[in-house]
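Undergrad: Dropping in model36.cif, which is mmCIF, C-alpha atoms:
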```
data_run
#
loop_
_atom_site.label_atom_id
_atom_site.label_comp_id
_atom_site.auth_asym_id
_atom_site.auth_seq_id
_atom_site.Cartn_x
_atom_site.Cartn_y
_atom_site.Cartn_z
CA MET A 1 7.00 -19.51 14.86
CA SER A 2 9.04 -19.42 18.07
CA GLN A 3 7.72 -17.37 20.92
CA GLU A 4 10.69 -15.04 20.68
CA ASN A 5 10.43 -14.75 16.90
CA ASN A 6 6.74 -14.02 17.36
CA ASN A 7 7.49 -11.34 19.96
CA ILE A 8 10.07 -9.71 17.68
CA LEU A 9 7.62 -9.69 14.79
CA LYS A 10 4.88 -8.24 16.99
CA PHE A 11 7.27 -5.55 18.25
CA CYS A 12 8.16 -4.64 14.65
CA GLN A 13 4.49 -4.51 13.72
CA LEU A 14 3.65 -2.25 16.67
CA PHE A 15 6.64 0.00 15.96
CA VAL A 16 5.79 0.40 12.26
CA LEU A 17 2.13 0.95 13.14
CA LEU A 18 3.12 3.62 15.69
CA VAL A 19 5.23 5.41 13.08
CA SER A 20 2.29 5.22 10.67
CA VAL A 21 -0.09 6.71 13.25
CA ILE A 22 2.36 9.53 14.02
CA PHE A 23 2.79 10.47 10.35
CA LEU A 24 -0.94 10.24 9.65
CA GLY A 25 -1.61 12.31 12.77
CA PHE A 26 0.77 15.04 11.57
CA ALA A 27 -0.85 14.88 8.13
CA THR A 28 -4.31 15.33 9.64
CA LEU A 29 -3.24 18.22 11.87
CA SER A 30 -1.38 19.92 9.02
CA SER A 31 -4.36 19.53 6.68
CA MET A 32 -6.78 20.87 9.30
CA SER A 33 -4.50 23.84 9.97
CA ALA A 34 -4.31 24.66 6.26
CA HIS A 35 -8.07 24.26 5.86
CA ASN A 36 -8.81 26.55 8.82
CA PHE A 37 -6.38 29.13 7.48
CA VAL A 38 -8.05 29.14 4.05
CA LYS A 39 -11.47 29.84 5.61
CA HIS A 40 -10.21 33.19 6.95
CA ALA A 41 -7.82 34.11 4.15
CA LYS A 42 -7.78 35.98 0.89
CA THR A 43 -5.55 35.67 -2.15
CA VAL A 44 -3.07 38.31 -3.30
CA ASN A 45 -0.06 38.37 -5.62
CA ALA A 46 3.34 38.83 -4.00
CA THR A 47 6.70 39.65 -5.57
CA ILE A 48 9.81 37.72 -4.56
CA THR A 49 12.41 40.28 -3.50
CA GLY A 50 15.12 37.93 -2.29
CA VAL A 51 16.09 34.27 -2.70
CA ASN A 52 18.49 32.29 -0.54
CA CYS A 53 18.34 28.53 -1.17
CA ARG A 54 21.61 27.79 0.63
CA GLU A 55 21.75 25.85 3.89
CA ASP A 56 23.02 28.60 6.18
CA THR A 57 22.22 29.52 9.77
CA HIS A 58 18.78 30.75 8.76
CA GLY A 59 18.00 27.90 6.39
CA PRO A 60 16.66 28.22 2.82
CA HIS A 61 14.24 31.13 2.55
CA ILE A 62 12.80 33.84 0.34
CA THR A 63 11.55 37.35 1.04
CA ILE A 64 8.35 38.61 -0.51
CA SER A 65 6.60 41.95 -0.86
CA TYR A 66 2.83 42.36 -1.17
CA ASP A 67 0.16 45.01 -0.66
CA VAL A 68 -3.07 44.72 1.32
CA ASP A 69 -5.42 47.72 1.56
CA ASP A 70 -2.72 50.08 0.21
CA LYS A 71 -0.27 48.93 2.88
CA ASN A 72 2.95 47.18 1.93
CA TYR A 73 4.15 44.09 3.80
CA GLN A 74 7.54 42.40 3.74
CA LYS A 75 7.68 38.77 4.77
CA THR A 76 10.32 36.04 5.02
CA ILE A 77 9.16 32.57 3.98
CA TYR A 78 11.36 29.69 5.11
CA LYS A 79 10.92 27.67 1.95
CA CYS A 80 12.82 27.70 -1.31
CA TRP A 81 11.98 26.12 -4.65
CA ASP A 82 14.21 25.93 -7.71
CA SER A 83 11.54 27.66 -9.79
CA TRP A 84 11.56 30.77 -7.57
CA TYR A 85 13.69 33.77 -8.45
CA GLU A 86 13.82 37.48 -7.65
CA GLY A 87 11.07 39.43 -9.38
CA LYS A 88 8.77 36.45 -9.82
CA GLU A 89 5.16 36.90 -8.78
CA ILE A 90 3.57 34.17 -6.71
CA SER A 91 0.08 33.76 -5.30
CA ILE A 92 -0.19 33.85 -1.52
CA LEU A 93 -2.95 33.64 1.06
CA TYR A 94 -3.07 36.18 3.86
CA ASP A 95 -5.13 36.24 7.04
CA VAL A 96 -7.79 38.96 6.67
CA GLU A 97 -7.48 39.82 10.37
CA LYS A 98 -3.69 39.69 10.41
CA PRO A 99 -2.32 40.35 6.89
CA SER A 100 1.26 39.73 8.00
CA LYS A 101 0.35 36.08 8.43
CA VAL A 102 0.67 34.40 5.03
CA ARG A 103 1.00 31.04 3.33
CA ILE A 104 2.17 30.12 -0.16
CA GLN A 105 -0.88 28.96 -2.08
CA GLU A 106 0.85 26.51 -4.44
CA ASN A 107 2.28 24.36 -1.63
CA LEU A 108 -0.44 24.89 0.94
CA TYR A 109 -1.05 21.17 1.41
CA PHE A 110 2.49 20.01 0.61
CA GLN A 111 3.37 19.13 4.19
CA SER A 112 0.16 17.22 4.86
CA THR A 113 0.59 15.34 1.56
CA VAL A 114 4.14 14.24 2.44
CA PHE A 115 3.15 13.12 5.95
CA GLY A 116 0.08 11.38 4.53
CA LEU A 117 2.11 9.44 1.96
CA LEU A 118 4.68 8.38 4.56
CA GLY A 119 1.95 7.35 7.00
CA SER A 120 0.18 5.36 4.30
CA LEU A 121 3.45 3.66 3.34
CA PHE A 122 4.10 2.52 6.91
CA LEU A 123 0.47 1.44 7.29
CA ILE A 124 0.74 -0.71 4.17
CA LEU A 125 3.98 -2.18 5.54
CA THR A 126 2.18 -3.08 8.78
CA ILE A 127 -0.61 -4.81 6.83
CA ILE A 128 1.96 -6.75 4.79
CA MET A 129 3.70 -7.92 7.98
CA VAL A 130 0.39 -9.08 9.49
CA ILE A 131 -0.56 -10.93 6.30
CA TYR A 132 2.89 -12.54 6.17
CA GLN A 133 2.58 -13.74 9.77
CA GLN A 134 -0.85 -15.23 9.11
CA GLN A 135 0.38 -16.95 5.94
CA MET A 136 3.31 -18.50 7.82
CA GLN A 137 1.02 -19.77 10.56
CA SER A 138 -1.40 -21.17 7.98
CA LYS A 139 1.44 -22.81 6.04
CA ARG A 140 2.81 -24.38 9.23
CA GLN A 141 -0.59 -25.80 10.16
CA LYS A 142 -1.11 -27.17 6.65
CA LEU A 143 2.25 -28.97 6.76
CA ILE A 144 1.38 -30.50 10.13
CA THR A 145 -1.98 -31.80 8.90
CA GLU A 146 -1.10 -32.73 5.31
CA GLY A 147 2.68 -33.18 5.25
CA ASN A 148 4.66 -36.41 5.62
CA ARG A 149 6.18 -36.74 9.07
CA VAL A 150 9.77 -37.94 9.35
CA ASP A 151 11.87 -38.24 12.50
CA ALA A 152 15.12 -36.48 11.71
CA THR A 153 18.30 -36.78 13.78
CA ILE A 154 19.87 -33.59 15.09
CA ILE A 155 23.48 -33.30 13.92
CA GLY A 156 24.37 -29.84 15.14
CA CYS A 157 23.61 -26.18 15.60
CA THR A 158 24.98 -23.34 13.47
CA THR A 159 24.70 -19.56 13.43
CA ASN A 160 22.84 -17.84 10.62
CA ASN A 161 25.33 -15.18 9.53
CA LYS A 162 22.86 -13.79 6.99
CA VAL A 163 20.70 -12.35 9.78
CA LYS A 164 21.68 -10.05 12.64
CA ILE A 165 19.19 -8.75 15.22
CA TYR A 166 20.06 -6.85 18.39
CA GLY A 167 23.72 -7.17 17.46
CA LYS A 168 23.84 -10.96 17.33
CA HIS A 169 23.31 -13.74 14.83
CA PRO A 170 20.54 -16.28 15.48
CA TYR A 171 21.05 -20.02 15.70
CA GLN A 172 19.61 -22.81 13.58
CA ILE A 173 19.28 -26.48 14.48
CA GLU A 174 20.40 -28.89 11.76
CA ALA A 175 18.99 -32.38 11.32
CA THR A 176 19.13 -35.17 8.75
CA TYR A 177 16.87 -38.01 7.72
CA GLU A 178 17.71 -41.07 5.58
CA ASP A 179 14.92 -42.65 3.60
CA LEU A 180 14.95 -46.40 4.25
CA PHE A 181 13.87 -47.29 0.73
CA SER A 182 15.64 -44.81 -1.53
CA LYS A 183 18.61 -44.30 0.85
CA ALA A 184 18.37 -40.59 0.05
CA VAL A 185 19.55 -38.29 2.85
CA TYR A 186 17.55 -35.13 3.53
CA HIS A 187 18.97 -32.12 5.38
CA PHE A 188 16.74 -29.80 7.42
CA GLN A 189 17.29 -26.51 9.24
CA SER A 190 15.10 -24.98 11.92
CA HIS A 191 13.87 -21.40 11.97
CA ASN A 192 16.05 -18.79 13.63
CA ILE A 193 16.58 -19.19 17.38
CA TYR A 194 17.81 -16.22 19.39
CA HIS A 195 19.13 -18.16 22.39
CA ASN A 196 21.94 -20.69 22.13
CA PRO A 197 20.07 -24.01 22.44
CA PRO A 198 21.36 -26.81 24.70
CA ASN A 199 23.27 -29.78 23.36
CA MET A 200 20.75 -31.93 21.47
CA LEU A 201 23.07 -34.03 19.30
CA GLY A 202 21.52 -37.36 18.40
CA MET A 203 18.02 -36.42 19.51
CA CYS A 204 15.14 -36.94 17.10
CA VAL A 205 12.90 -34.08 15.98
CA PRO A 206 9.71 -34.45 13.92
CA VAL A 207 9.82 -32.72 10.55
CA TYR A 208 6.67 -32.35 8.44
CA VAL A 209 7.58 -32.38 4.75
CA ASN A 210 5.49 -31.30 1.78
CA PRO A 211 5.04 -34.51 -0.24
CA ASN A 212 5.44 -32.54 -3.47
CA ASN A 213 8.44 -30.46 -2.40
CA SER A 214 11.02 -31.74 0.07
CA LYS A 215 12.42 -28.24 0.51
CA ASP A 216 9.12 -27.09 2.00
CA TYR A 217 9.02 -28.38 5.57
CA TYR A 218 8.34 -27.52 9.18
CA MET A 219 10.63 -28.63 12.01
CA ASP A 220 8.54 -29.17 15.13
CA LEU A 221 10.79 -27.93 17.91
CA LEU A 222 7.88 -28.07 20.34
CA SER A 223 8.29 -31.83 20.58
CA LEU A 224 11.87 -31.38 21.79
CA ARG A 225 10.73 -29.43 24.81
CA ASN A 226 9.28 -32.40 26.69
CA GLN A 227 12.38 -34.48 25.95
CA LEU A 228 14.64 -31.76 27.33
CA ILE A 229 12.44 -31.17 30.38
CA GLU A 230 12.84 -34.86 31.23
CA LYS A 231 16.59 -34.31 31.12
CA GLY A 232 16.30 -31.24 33.33
CA THR A 233 16.96 -28.75 30.53
CA GLU A 234 14.58 -26.09 29.28
CA LEU A 235 14.30 -25.15 25.60
CA GLU A 236 13.61 -21.43 25.23
CA ILE A 237 11.70 -21.86 21.99
CA VAL A 238 8.24 -23.19 21.38
CA GLU A 239 7.63 -23.81 17.73
CA GLY A 240 8.68 -22.46 14.35
CA HIS A 241 8.71 -22.53 10.60
CA ASN A 242 11.89 -22.80 8.55
#
```
Starting from the coordinates I provided, produce the structure as structure tokens.
TA:
Amino acid sequence: MSQENNNILKFCQLFVLLVSVIFLGFATLSSMSAHNFVKHAKTVNATITGVNCREDTHGPHITISYDVDDKNYQKTIYKCWDSWYEGKEISILYDVEKPSKVRIQENLYFQSTVFGLLGSLFLILTIIMVIYQQQMQSKRQKLITEGNRVDATIIGCTTNNKVKIYGKHPYQIEATYEDLFSKAVYHFQSHNIYHNPPNMLGMCVPVYVNPNNSKDYYMDLLSLRNQLIEKGTELEIVEGHN
């Protein structure tokens, strides 16, 4: 994998991992807050006295009425579910020291569950990206050690219009190889390159080909670097996998 490709992949992995940590952190804090509230709370039935599920300046909310120690409390809850309606009784938890502080019992851990699921999803995505990177590196090394090496001739450089990163399309080096015995011509493409490479027409590049599948190959751009350095040109890529 090219150094730049590797850096981009590492940046994506760190970014996704950071998002995962943030979501899991919110889930943990939300769960701890709910747990601490439950330890100092009691349950009481409340009656919904008003329902407003529209997105207005105050946001979706309901108003509830409940009694604690023969004292009536009115409270606005900034949540709204389709199953709630005026006159419905719902179970709530209230703080024994401050009865005006309440939480809806049926969705007490809803927020922590949502954050936890999102955090887990991004964590799984990070693991998949790491596994993918390791598999590509292992596949590249296997092709180098077990594949058939051919010296392909570079015939050009094209842009990969199927991919766009940072607002630009990457480049791909194209090369061909003609088998001396079968006269078959094989076409190869490099991995994505994010800097326009120098003119390398006619230069030879080693390609390691799976003997059982000619479409599975690895173009060794590393070998081009020394050739270009001798010509006074630097190649801004190190190595890659198609």
Undergrad: I'd like the interatomic distance between atom CA of A:Lys215 and atom CA of A:Gln189, to a tenth of an Å.
TA: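 These two atoms are separated by 10.1 Å.
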Undergrad: Identify, on the basis of only C-alpha atoms, every residue whose closest approach to stretch 26-31 of chain A does not exceed 9 Å; exclude the query and any residue fewer than 3 positions from it along the same chain; express the result as a compact mmCIF listing (two decimals) with C-alpha atoms, in the frame of the given file.
TA:
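And here is the file that came out, result_18.txt:
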```
# COMPACT_ATOMS: atom_id res chain seq x y z
CA VAL A 21 -0.09 6.71 13.25
CA ILE A 22 2.36 9.53 14.02
CA PHE A 23 2.79 10.47 10.35
CA ALA A 34 -4.31 24.66 6.26
CA HIS A 35 -8.07 24.26 5.86
CA ASN A 36 -8.81 26.55 8.82
CA LEU A 108 -0.44 24.89 0.94
CA TYR A 109 -1.05 21.17 1.41
CA GLN A 111 3.37 19.13 4.19
CA SER A 112 0.16 17.22 4.86
CA THR A 113 0.59 15.34 1.56
CA VAL A 114 4.14 14.24 2.44
CA PHE A 115 3.15 13.12 5.95
CA GLY A 116 0.08 11.38 4.53
CA LEU A 117 2.11 9.44 1.96
CA GLY A 119 1.95 7.35 7.00
```
Undergrad: Using Å and a single decimal, report how far atom CA of A:Asn161 sits from atom CA of A:Val16.
TA: 25.1 Å
Undergrad: Pull out every residue that the PyMOL selection byres ((chain A and resi 77) around 7) matches in the shown coordinates and put them as a ChimeraX atom specification.
TA: /A:61-63,75-76,78-79
Undergrad: Of the candidates A:Asn52, A:Thr145, A:Gln134, A:Thr153, which one gets nearest to A:Pro211 if we count all atoms listed in the file?
TA: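 Nearest to A:Pro211: A:Thr145.
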Undergrad: Considering only C-alpha atoms, can you say which of A:Gly147, A:Pro197, A:Gly156, A:Gly59 comes closest to A:Tyr217?
TA: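 Ranked by minimum distance to A:Tyr217, first place goes to A:Gly147.
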Undergrad: Give as a list of chain:residue names the residues that the PyMOL selection byres ((chain A and resi 158) around 9) matches when applied to the coordinates above.
TA: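 The output of the PyMOL selection byres ((chain A and resi 158) around 9) on this file is A:Gly156, A:Cys157, A:Thr159, A:Asn160, A:Pro170, A:Tyr171, A:Gln172, A:Ile173, A:Glu174.
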Undergrad: Which residue, A:Gln133, A:Asn192, A:Thr43, A:Gln141, has the smallest gap to A:Arg103 when you use only C-alpha atoms?
TA: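 Answer, going by the shortest atom-to-atom distance: A:Thr43.
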Undergrad: Using all atoms listed in the file for the distances, tell me which of A:Val150, A:Ile127, A:Leu222, A:Cys53 is nearest to A:Asp179.
TA: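 Checking each of A:Val150, A:Ile127, A:Leu222, A:Cys53 against A:Asp179, counting all atoms listed in the file, the winner is A:Val150.
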Undergrad: Can you pull out the residues contacting stretch 10-14 of chain A? Cut-off 10 Å, using all atoms listed in the file, and skip same-chain residues under 4 positions away; I want them as a list in words.
TA: Glu4, Asn5, Asn6, Leu18, Val19, Ser20, Phe122, Leu123, Leu125, Thr126, Ile127, Ile128, Met129, Val130 and Gln133 of chain A
Undergrad: With a distance cut-off of 6 Å and all atoms listed in the file, select the neighbouring residues of A:Thr176, excluding the residue or stretch itself and same-chain residues fewer than 5 positions from it, and output the selection as a CSV table (one decimal) with C-alpha atoms, in the frame of the given file.
TA:
```csv
chain,number,residue,atom,x,y,z
A,152,ALA,CA,15.1,-36.5,11.7
A,153,THR,CA,18.3,-36.8,13.8
A,186,TYR,CA,17.6,-35.1,3.5
A,187,HIS,CA,19.0,-32.1,5.4
```
Undergrad: Find the residue from A:Asn107, A:Val96, A:Gln227, A:Lys168 that sits nearest to A:His195; use all atoms listed in the file when measuring.
TA: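 Smallest distance to A:His195 is found for A:Lys168.
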Undergrad: For the file shown, what are the residues hit by the PyMOL selection byres ((chain A and resi 144) around 12), laid out as a PyMOL selection string?
TA: chain A and resi 137-143+145-150+206-211+216-220+239-241
Undergrad: Rounded to one decimal, what separation in Å do you get between atom CA of A:Ser100 and atom CA of A:Tyr73?
TA: 6.7 Å
Undergrad: Using all atoms listed in the file for the distances, tell me which of A:Asn212, A:Asn199, A:Ser120, A:Ser65 is nearest to A:Gly25.
TA: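 Using all atoms listed in the file, the shortest distance to A:Gly25 belongs to A:Ser120.
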Undergrad: Would you kindly identify which residues have an atom no farther than 9 Å from (-4.2, 40.2, -0.6), using all atoms listed in the file and the file's own coordinates, and write them out as a list in words?
TA: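 Residues satisfying the cut-off, written out: Ala41, Lys42, Thr43, Val44, Asn45, Ala46, Tyr66, Asp67, Val68, Asp69, Ile92, Leu93, Tyr94, Asp95, Val96 and Pro99 of chain A.
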